[in-house]
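Content type PDB, C-alpha atoms, pLDDT in the B column, from the file entry_28.pdb:
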ATOM      1  CA  MET A 607     150.930 207.063  41.726  1.00 50.00           C
ATOM      2  CA  LYS A 608     149.690 206.543  45.282  1.00 49.00           C
ATOM      3  CA  ARG A 609     147.371 209.557  44.940  1.00 50.00           C
ATOM      4  CA  THR A 610     145.950 208.170  41.686  1.00 46.00           C
ATOM      5  CA  LEU A 611     145.258 204.775  43.268  1.00 45.00           C
ATOM      6  CA  ALA A 612     143.656 206.456  46.290  1.00 48.00           C
ATOM      7  CA  ALA A 613     141.426 208.581  44.046  1.00 47.00           C
ATOM      8  CA  ALA A 614     140.363 205.535  42.028  1.00 45.00           C
ATOM      9  CA  ALA A 615     139.556 203.610  45.197  1.00 50.00           C
ATOM     10  CA  LEU A 616     137.480 206.559  46.463  1.00 46.00           C
ATOM     11  CA  ILE A 617     135.497 206.756  43.199  1.00 44.00           C
ATOM     12  CA  VAL A 618     134.804 203.024  43.227  1.00 46.00           C
ATOM     13  CA  GLY A 619     133.652 203.215  46.854  1.00 52.00           C
ATOM     14  CA  LEU A 620     131.343 206.159  46.183  1.00 42.00           C
ATOM     15  CA  THR A 621     129.861 204.450  43.110  1.00 46.00           C
ATOM     16  CA  SER A 622     129.127 201.278  45.074  1.00 50.00           C
ATOM     17  CA  SER A 623     127.532 203.306  47.871  1.00 49.00           C
ATOM     18  CA  LEU A 624     125.300 205.239  45.461  1.00 39.00           C
ATOM     19  CA  GLU A 625     124.207 202.071  43.675  1.00 46.00           C
ATOM     20  CA  ALA A 626     123.262 200.517  47.009  1.00 48.00           C
ATOM     21  CA  GLN A 627     121.069 203.552  47.840  1.00 48.00           C
ATOM     22  CA  ILE A 628     119.197 203.657  44.526  1.00 46.00           C
ATOM     23  CA  ILE A 629     115.594 202.462  44.950  1.00 47.00           C
ATOM     24  CA  ARG A 630     115.028 199.983  42.200  1.00 48.00           C
ATOM     25  CA  PRO A 631     111.502 199.312  40.903  1.00 47.00           C
ATOM     26  CA  THR A 632     110.134 195.975  42.013  1.00 47.00           C
ATOM     27  CA  SER A 633     108.031 193.871  39.692  1.00 49.00           C
ATOM     28  CA  VAL A 634     104.525 193.066  40.977  1.00 54.00           C
ATOM     29  CA  SER A 635     103.019 189.772  39.925  1.00 69.00           C
ATOM     30  CA  ARG A 636      99.356 190.236  39.070  1.00 77.00           C
ATOM     31  CA  PRO A 637      96.823 187.445  38.553  1.00 88.00           C
ATOM     32  CA  SER A 638      95.989 186.554  34.962  1.00 94.00           C
ATOM     33  CA  ALA A 639      92.312 186.032  35.911  1.00 96.00           C
ATOM     34  CA  TYR A 640      89.880 186.287  38.829  1.00 96.00           C
ATOM     35  CA  ALA A 641      87.220 183.775  39.885  1.00 97.00           C
ATOM     36  CA  SER A 642      84.432 184.896  42.207  1.00 97.00           C
ATOM     37  CA  MET A 643      81.641 183.163  44.098  1.00 97.00           C
ATOM     38  CA  GLY A 644      78.942 184.824  46.146  1.00 98.00           C
ATOM     39  CA  ALA A 645      75.607 184.381  47.890  1.00 98.00           C
ATOM     40  CA  GLY A 646      73.000 187.058  48.375  1.00 98.00           C
ATOM     41  CA  TRP A 647      69.418 187.827  49.315  1.00 98.00           C
ATOM     42  CA  LEU A 648      67.323 188.859  46.309  1.00 98.00           C
ATOM     43  CA  ARG A 649      64.242 191.065  46.211  1.00 98.00           C
ATOM     44  CA  GLN A 650      62.485 190.966  42.826  1.00 97.00           C
ATOM     45  CA  GLN A 651      59.713 193.430  41.984  1.00 96.00           C
ATOM     46  CA  ALA A 652      56.421 192.076  40.611  1.00 95.00           C
ATOM     47  CA  ILE A 653      56.058 191.551  36.850  1.00 94.00           C
ATOM     48  CA  CYS A 654      52.922 191.307  34.704  1.00 92.00           C
ATOM     49  CA  ASP A 655      53.524 189.093  31.680  1.00 91.00           C
ATOM     50  CA  PRO A 656      51.407 189.394  28.501  1.00 89.00           C
ATOM     51  CA  ALA A 657      52.401 185.941  27.172  1.00 88.00           C
ATOM     52  CA  SER A 658      51.135 184.011  30.202  1.00 87.00           C
ATOM     53  CA  LYS A 659      48.390 186.587  30.954  1.00 88.00           C
ATOM     54  CA  ALA A 660      49.424 186.626  34.587  1.00 91.00           C
ATOM     55  CA  CYS A 661      51.116 188.811  37.176  1.00 92.00           C
ATOM     56  CA  TRP A 662      54.005 187.395  39.179  1.00 94.00           C
ATOM     57  CA  THR A 663      54.361 188.829  42.672  1.00 96.00           C
ATOM     58  CA  PHE A 664      57.705 187.470  43.845  1.00 97.00           C
ATOM     59  CA  GLY A 665      58.826 186.784  47.377  1.00 97.00           C
ATOM     60  CA  ASP A 666      62.415 187.214  48.549  1.00 97.00           C
ATOM     61  CA  GLY A 667      64.956 184.411  48.280  1.00 98.00           C
ATOM     62  CA  PRO A 668      68.625 183.429  48.130  1.00 98.00           C
ATOM     63  CA  GLN A 669      70.643 184.007  44.974  1.00 98.00           C
ATOM     64  CA  TYR A 670      73.975 182.372  44.107  1.00 98.00           C
ATOM     65  CA  ARG A 671      76.505 183.944  41.744  1.00 98.00           C
ATOM     66  CA  ALA A 672      79.763 182.918  40.056  1.00 98.00           C
ATOM     67  CA  SER A 673      81.964 184.935  37.703  1.00 98.00           C
ATOM     68  CA  ILE A 674      85.249 184.860  35.820  1.00 98.00           C
ATOM     69  CA  GLU A 675      87.106 188.089  34.990  1.00 97.00           C
ATOM     70  CA  PHE A 676      90.302 189.078  33.219  1.00 97.00           C
ATOM     71  CA  PRO A 677      92.312 192.194  34.163  1.00 95.00           C
ATOM     72  CA  VAL A 678      92.611 195.021  31.630  1.00 94.00           C
ATOM     73  CA  GLY A 679      94.307 197.485  33.994  1.00 87.00           C
ATOM     74  CA  ILE A 680      95.556 197.924  37.551  1.00 86.00           C
ATOM     75  CA  ALA A 681      92.036 198.392  38.961  1.00 89.00           C
ATOM     76  CA  THR A 682      89.769 197.167  36.133  1.00 94.00           C
ATOM     77  CA  SER A 683      88.731 193.725  34.912  1.00 96.00           C
ATOM     78  CA  LEU A 684      86.201 192.432  32.382  1.00 97.00           C
ATOM     79  CA  GLY A 685      84.302 189.160  32.557  1.00 98.00           C
ATOM     80  CA  ILE A 686      81.026 187.299  32.703  1.00 98.00           C
ATOM     81  CA  SER A 687      78.790 186.244  35.602  1.00 98.00           C
ATOM     82  CA  TYR A 688      76.054 183.661  36.117  1.00 98.00           C
ATOM     83  CA  SER A 689      73.412 183.889  38.846  1.00 98.00           C
ATOM     84  CA  ASN A 690      70.677 181.492  39.902  1.00 98.00           C
ATOM     85  CA  ALA A 691      67.755 181.866  42.288  1.00 98.00           C
ATOM     86  CA  ARG A 692      64.615 179.913  43.118  1.00 97.00           C
ATOM     87  CA  LEU A 693      61.916 182.314  44.266  1.00 97.00           C
ATOM     88  CA  PRO A 694      58.455 181.889  45.764  1.00 97.00           C
ATOM     89  CA  LEU A 695      55.709 183.930  44.132  1.00 97.00           C
ATOM     90  CA  ARG A 696      52.007 184.639  44.013  1.00 96.00           C
ATOM     91  CA  TRP A 697      50.636 183.835  40.550  1.00 95.00           C
ATOM     92  CA  ALA A 698      47.508 185.732  39.489  1.00 92.00           C
ATOM     93  CA  ASP A 699      45.804 185.209  36.118  1.00 89.00           C
ATOM     94  CA  THR A 700      44.661 188.370  34.308  1.00 83.00           C
ATOM     95  CA  PRO A 701      41.753 188.091  33.819  1.00 78.00           C
ATOM     96  CA  PRO A 702      41.060 185.443  36.482  1.00 72.00           C
ATOM     97  CA  ASN A 703      40.973 181.941  35.025  1.00 67.00           C
ATOM     98  CA  THR A 704      39.827 179.277  37.440  1.00 56.00           C
ATOM     99  CA  ALA A 705      40.807 176.551  34.954  1.00 58.00           C
ATOM    100  CA  ASN A 706      44.479 177.512  35.551  1.00 62.00           C
ATOM    101  CA  CYS A 707      44.693 178.585  39.166  1.00 75.00           C
ATOM    102  CA  SER A 708      43.363 182.157  39.158  1.00 80.00           C
ATOM    103  CA  VAL A 709      45.458 183.057  42.224  1.00 88.00           C
ATOM    104  CA  CYS A 710      47.858 180.558  43.736  1.00 92.00           C
ATOM    105  CA  ASP A 711      51.182 180.106  45.497  1.00 95.00           C
ATOM    106  CA  ALA A 712      53.980 179.011  43.196  1.00 96.00           C
ATOM    107  CA  ASN A 713      57.742 178.870  42.635  1.00 97.00           C
ATOM    108  CA  ALA A 714      59.962 179.862  39.715  1.00 97.00           C
ATOM    109  CA  GLU A 715      63.626 179.834  38.734  1.00 98.00           C
ATOM    110  CA  MET A 716      65.549 182.938  37.740  1.00 98.00           C
ATOM    111  CA  HIS A 717      68.802 182.727  35.762  1.00 98.00           C
ATOM    112  CA  GLN A 718      71.064 185.645  34.844  1.00 98.00           C
ATOM    113  CA  VAL A 719      74.014 185.822  32.451  1.00 98.00           C
ATOM    114  CA  LEU A 720      75.668 189.232  32.543  1.00 98.00           C
ATOM    115  CA  GLY A 721      78.800 190.840  31.157  1.00 98.00           C
ATOM    116  CA  VAL A 722      80.685 192.510  34.021  1.00 98.00           C
ATOM    117  CA  VAL A 723      83.053 195.472  34.360  1.00 98.00           C
ATOM    118  CA  HIS A 724      84.709 195.262  37.794  1.00 97.00           C
ATOM    119  CA  LEU A 725      86.386 198.338  39.309  1.00 95.00           C
ATOM    120  CA  GLY A 726      88.475 198.130  42.464  1.00 87.00           C
ATOM    121  CA  GLY A 727      91.962 198.915  43.719  1.00 69.00           C
ATOM    122  CA  GLY A 728      94.517 196.673  45.381  1.00 70.00           C
ATOM    123  CA  GLY A 729      94.580 197.990  48.937  1.00 79.00           C
ATOM    124  CA  VAL A 730      93.811 196.043  52.090  1.00 88.00           C
ATOM    125  CA  PHE A 731      90.465 197.862  52.307  1.00 91.00           C
ATOM    126  CA  GLN A 732      88.966 199.150  49.072  1.00 91.00           C
ATOM    127  CA  GLN A 733      85.796 200.241  47.373  1.00 94.00           C
ATOM    128  CA  VAL A 734      84.530 197.870  44.658  1.00 95.00           C
ATOM    129  CA  ILE A 735      82.017 198.570  41.879  1.00 97.00           C
ATOM    130  CA  ASP A 736      80.470 196.188  39.334  1.00 97.00           C
ATOM    131  CA  LEU A 737      78.658 197.348  36.182  1.00 98.00           C
ATOM    132  CA  SER A 738      76.663 194.560  34.497  1.00 98.00           C
ATOM    133  CA  ALA A 739      74.399 194.056  31.502  1.00 98.00           C
ATOM    134  CA  GLY A 740      72.933 190.959  29.866  1.00 98.00           C
ATOM    135  CA  ALA A 741      69.900 188.695  30.116  1.00 98.00           C
ATOM    136  CA  THR A 742      67.562 187.445  32.838  1.00 98.00           C
ATOM    137  CA  ARG A 743      65.475 184.311  32.260  1.00 97.00           C
ATOM    138  CA  PHE A 744      62.375 183.346  34.267  1.00 97.00           C
ATOM    139  CA  ALA A 745      61.492 179.666  33.965  1.00 97.00           C
ATOM    140  CA  ASN A 746      59.855 176.597  35.498  1.00 96.00           C
ATOM    141  CA  PHE A 747      56.742 178.281  36.919  1.00 95.00           C
ATOM    142  CA  LYS A 748      54.919 175.662  39.014  1.00 95.00           C
ATOM    143  CA  THR A 749      52.407 175.662  41.808  1.00 94.00           C
ATOM    144  CA  THR A 750      53.611 174.484  45.184  1.00 93.00           C
ATOM    145  CA  SER A 751      51.928 171.152  44.368  1.00 92.00           C
ATOM    146  CA  GLY A 752      53.972 170.822  41.135  1.00 92.00           C
ATOM    147  CA  THR A 753      51.464 171.873  38.429  1.00 91.00           C
ATOM    148  CA  THR A 754      53.002 173.785  35.514  1.00 92.00           C
ATOM    149  CA  LEU A 755      51.681 177.330  35.092  1.00 91.00           C
ATOM    150  CA  GLY A 756      51.302 179.474  31.983  1.00 87.00           C
ATOM    151  CA  THR A 757      52.781 178.412  28.657  1.00 87.00           C
ATOM    152  CA  GLY A 758      55.557 176.375  30.252  1.00 87.00           C
ATOM    153  CA  LYS A 759      58.109 178.303  28.177  1.00 91.00           C
ATOM    154  CA  PRO A 760      60.864 180.445  29.765  1.00 94.00           C
ATOM    155  CA  VAL A 761      60.792 184.235  29.359  1.00 95.00           C
ATOM    156  CA  THR A 762      64.060 186.083  28.709  1.00 96.00           C
ATOM    157  CA  ASP A 763      64.504 189.829  29.309  1.00 96.00           C
ATOM    158  CA  PHE A 764      67.304 192.338  28.893  1.00 97.00           C
ATOM    159  CA  SER A 765      68.647 193.497  32.253  1.00 97.00           C
ATOM    160  CA  PHE A 766      71.419 195.581  33.764  1.00 97.00           C
ATOM    161  CA  ALA A 767      72.727 196.275  37.257  1.00 98.00           C
ATOM    162  CA  LEU A 768      75.041 198.401  39.384  1.00 98.00           C
ATOM    163  CA  ALA A 769      76.688 196.927  42.496  1.00 98.00           C
ATOM    164  CA  PHE A 770      78.887 198.793  44.944  1.00 96.00           C
ATOM    165  CA  GLY A 771      80.451 197.973  48.263  1.00 97.00           C
ATOM    166  CA  PHE A 772      83.744 197.149  49.950  1.00 95.00           C
ATOM    167  CA  GLY A 773      86.477 194.550  49.711  1.00 94.00           C
ATOM    168  CA  PHE A 774      88.954 193.244  52.265  1.00 95.00           C
ATOM    169  CA  ARG A 775      92.186 191.512  51.263  1.00 92.00           C
ATOM    170  CA  VAL A 776      92.416 188.217  53.170  1.00 93.00           C
ATOM    171  CA  THR A 777      95.628 187.058  51.460  1.00 92.00           C
ATOM    172  CA  SER A 778      97.635 188.339  48.497  1.00 88.00           C
ATOM    173  CA  ASN A 779      95.291 186.520  46.075  1.00 90.00           C
ATOM    174  CA  LEU A 780      92.044 186.293  48.045  1.00 94.00           C
ATOM    175  CA  GLN A 781      89.543 189.057  48.734  1.00 95.00           C
ATOM    176  CA  ALA A 782      86.263 189.066  50.679  1.00 96.00           C
ATOM    177  CA  THR A 783      83.538 191.419  49.407  1.00 97.00           C
ATOM    178  CA  VAL A 784      80.211 192.871  50.537  1.00 97.00           C
ATOM    179  CA  GLN A 785      78.072 194.578  47.886  1.00 98.00           C
ATOM    180  CA  GLN A 786      74.610 196.032  47.439  1.00 98.00           C
ATOM    181  CA  GLU A 787      73.325 195.537  43.890  1.00 98.00           C
ATOM    182  CA  TYR A 788      70.512 197.431  42.161  1.00 98.00           C
ATOM    183  CA  GLY A 789      69.217 195.961  38.915  1.00 98.00           C
ATOM    184  CA  LEU A 790      66.486 196.507  36.356  1.00 97.00           C
ATOM    185  CA  VAL A 791      64.705 193.901  34.207  1.00 97.00           C
ATOM    186  CA  VAL A 792      63.103 195.239  31.013  1.00 95.00           C
ATOM    187  CA  HIS A 793      60.026 193.073  30.343  1.00 92.00           C
ATOM    188  CA  LYS A 794      57.572 193.060  27.448  1.00 87.00           C
ATOM    189  CA  ARG A 795      54.973 195.701  28.200  1.00 81.00           C
ATOM    190  CA  VAL A 796      51.417 194.724  29.065  1.00 75.00           C
ATOM    191  CA  SER A 797      48.793 196.542  26.994  1.00 71.00           C
ATOM    192  CA  GLY A 798      47.515 199.587  28.866  1.00 62.00           C
ATOM    193  CA  SER A 799      50.523 199.763  31.188  1.00 64.00           C
ATOM    194  CA  ALA A 800      53.118 202.531  30.893  1.00 61.00           C
ATOM    195  CA  ASN A 801      55.757 200.603  32.854  1.00 73.00           C
ATOM    196  CA  SER A 802      57.660 197.626  31.416  1.00 78.00           C
ATOM    197  CA  SER A 803      60.526 197.318  33.911  1.00 91.00           C
ATOM    198  CA  ALA A 804      60.954 195.650  37.289  1.00 95.00           C
ATOM    199  CA  GLN A 805      63.576 196.418  39.916  1.00 96.00           C
ATOM    200  CA  GLN A 806      65.904 193.977  41.634  1.00 97.00           C
ATOM    201  CA  GLN A 807      67.870 194.450  44.859  1.00 98.00           C
ATOM    202  CA  THR A 808      70.492 192.030  46.129  1.00 98.00           C
ATOM    203  CA  LEU A 809      72.715 192.225  49.208  1.00 98.00           C
ATOM    204  CA  ARG A 810      75.638 189.887  48.476  1.00 98.00           C
ATOM    205  CA  VAL A 811      78.771 188.595  50.195  1.00 98.00           C
ATOM    206  CA  GLY A 812      81.474 186.808  48.243  1.00 97.00           C
ATOM    207  CA  LEU A 813      85.060 185.707  47.720  1.00 97.00           C
ATOM    208  CA  ARG A 814      87.293 186.781  44.808  1.00 96.00           C
ATOM    209  CA  LEU A 815      90.334 184.647  44.011  1.00 95.00           C
ATOM    210  CA  GLY A 816      93.259 185.678  41.813  1.00 93.00           C
ATOM    211  CA  LEU A 817      94.432 182.869  39.532  1.00 92.00           C
TER     212      LEU A 817
END
As structure tokens, how would this structure be written, given the file I've shared?
Amino acid sequence: MKRTLAAAALIVGLTSSLEAQIIRPTSVSRPSAYASMGAGWLRQQAICDPASKACWTFGDGPQYRASIEFPVGIATSLGISYSNARLPLRWADTPPNTANCSVCDANAEMHQVLGVVHLGGGGVFQQVIDLSAGATRFANFKTTSGTTLGTGKPVTDFSFALAFGFGFRVTSNLQATVQQEYGLVVHKRVSGSANSSAQQQTLRVGLRLGL
């Protein structure tokens, strides 16, 4: 009887010890969505527009971006982004039209709405990639003195972009990012021109918050 009780006590002790040493999986709480905000410096290639009969030679300028994304995997999320920039430009009528401005300094607004696929892991330091496609709208063309140029109507083009860079985890739900983005705007082709696209380059820094 004593031996039986001793054996039972030994089995119970061994079982408790083994259970204590088993590594149990821990549940990781992941955000249900991500909100991002960023600011960058945009370089937009010149565009010749058949509707306004003018070429737009853009200067560089700041661009601001916001996005909302929803996770579809450990390192993948899908969402939508909106970007806005106000750019200086040199407006040139083709052919020259002195009644408009022929050649003059001007400003314009650029808006972008893009669907985004975001790729990036969850480490402290990580590589991040954004694939985007959607629409770019050029609007509110005015001379520096405030005179409306062209038809006064906005022009909307299909566009897509690839951005890559690095992220740094500031807190468990906050990440700082630095990305270089390369984009392409597909514009209506001018008669006699073989090229209908214009490149975009943006160096952007931002914050990405898990919600």
Result set, the PyMOL selection byres ((chain A and resi 686-694) around 6) on current file, as an MDAnalysis selection string: chainID A and resid 664:665 667 669:674 685 695 712:722
The PyMOL selection byres ((chain A and resi 645) around 8) resolved against shown file, as a list in words: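 Selected by the PyMOL selection byres ((chain A and resi 645) around 8) in this file: Met643, Gly644, Gly646, Trp647, Pro668, Gln669, Tyr670, Arg671, Arg810, Val811 and Gly812 of chain A.
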Long-range neighbours of Arg795 (chain A) as a list in words, 12 Å cut-off, only C-alpha atoms, 4 positions minimum in chain: Ile653, Cys654, Asp655, Pro656, Ala657, Lys659, Cys661, Asp763, Val791, Ser799, Ala800, Asn801, Ser802, Ser803 and Ala804 of chain A
Selection result of the PyMOL selection byres ((chain A and resi 734) around 12) on this file, as an NGL selection string: :A and (681-683 or 723-729 or 731-733 or 735-737 or 768-775 or 781-787 or 814)
Separation of CA of Phe766 (chain A) from CA of Gly789 (chain A), in Å and rounded to one decimal: 5.6 Å
Distance of CA of Gln805 (chain A) from CA of Val709 (chain A), expressed in Å to one decimal place: 22.6 Å
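Across the model, the gap from CA of Gln806 (chain A) to CA of Gly756 (chain A) is 22.7 Å.
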Sel. within 12 Å of pt (52.3, 176.0, 33.1), counting only C-alpha atoms, output as a PyMOL selection string: chain A and resi 657-660+697+699+705-707+712-714+745-749+752-760
Polymer residues at most 8 Å from region 777-779 of chain A, all atoms listed in the file, same-chain spacing of 6 or more positions, as a list in words: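 What passes the distance filter is Pro637, Leu815, Gly816 and Leu817 of chain A.
Each of A:Thr700, A:Pro677, A:Asp711, A:Gln651 was checked against Ser797 (chain A) using all atoms listed in the file; the smallest atom-to-atom distance is that of A:Thr700.
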Nearest to His793 (chain A) by atom-to-atom distance, counting only C-alpha atoms, from A:Phe676, A:Ala639, A:Ala652, A:Thr663: A:Ala652
Region 639-646 of chain A: axis-aligned bounding box, 3 Å on each side, centre and edge lengths in Å, one decimal, as AutoDock Vina command-line options:
--center_x 82.7 --center_y 185.1 --center_z 42.1 --size_x 25.3 --size_y 9.9 --size_z 18.5
Non-local contacts of Gln807 (chain A) (6 Å; all atoms listed in the file; under 4 positions in same chain excluded) as a PyMOL selection string: chain A and resi 648-649+787-788
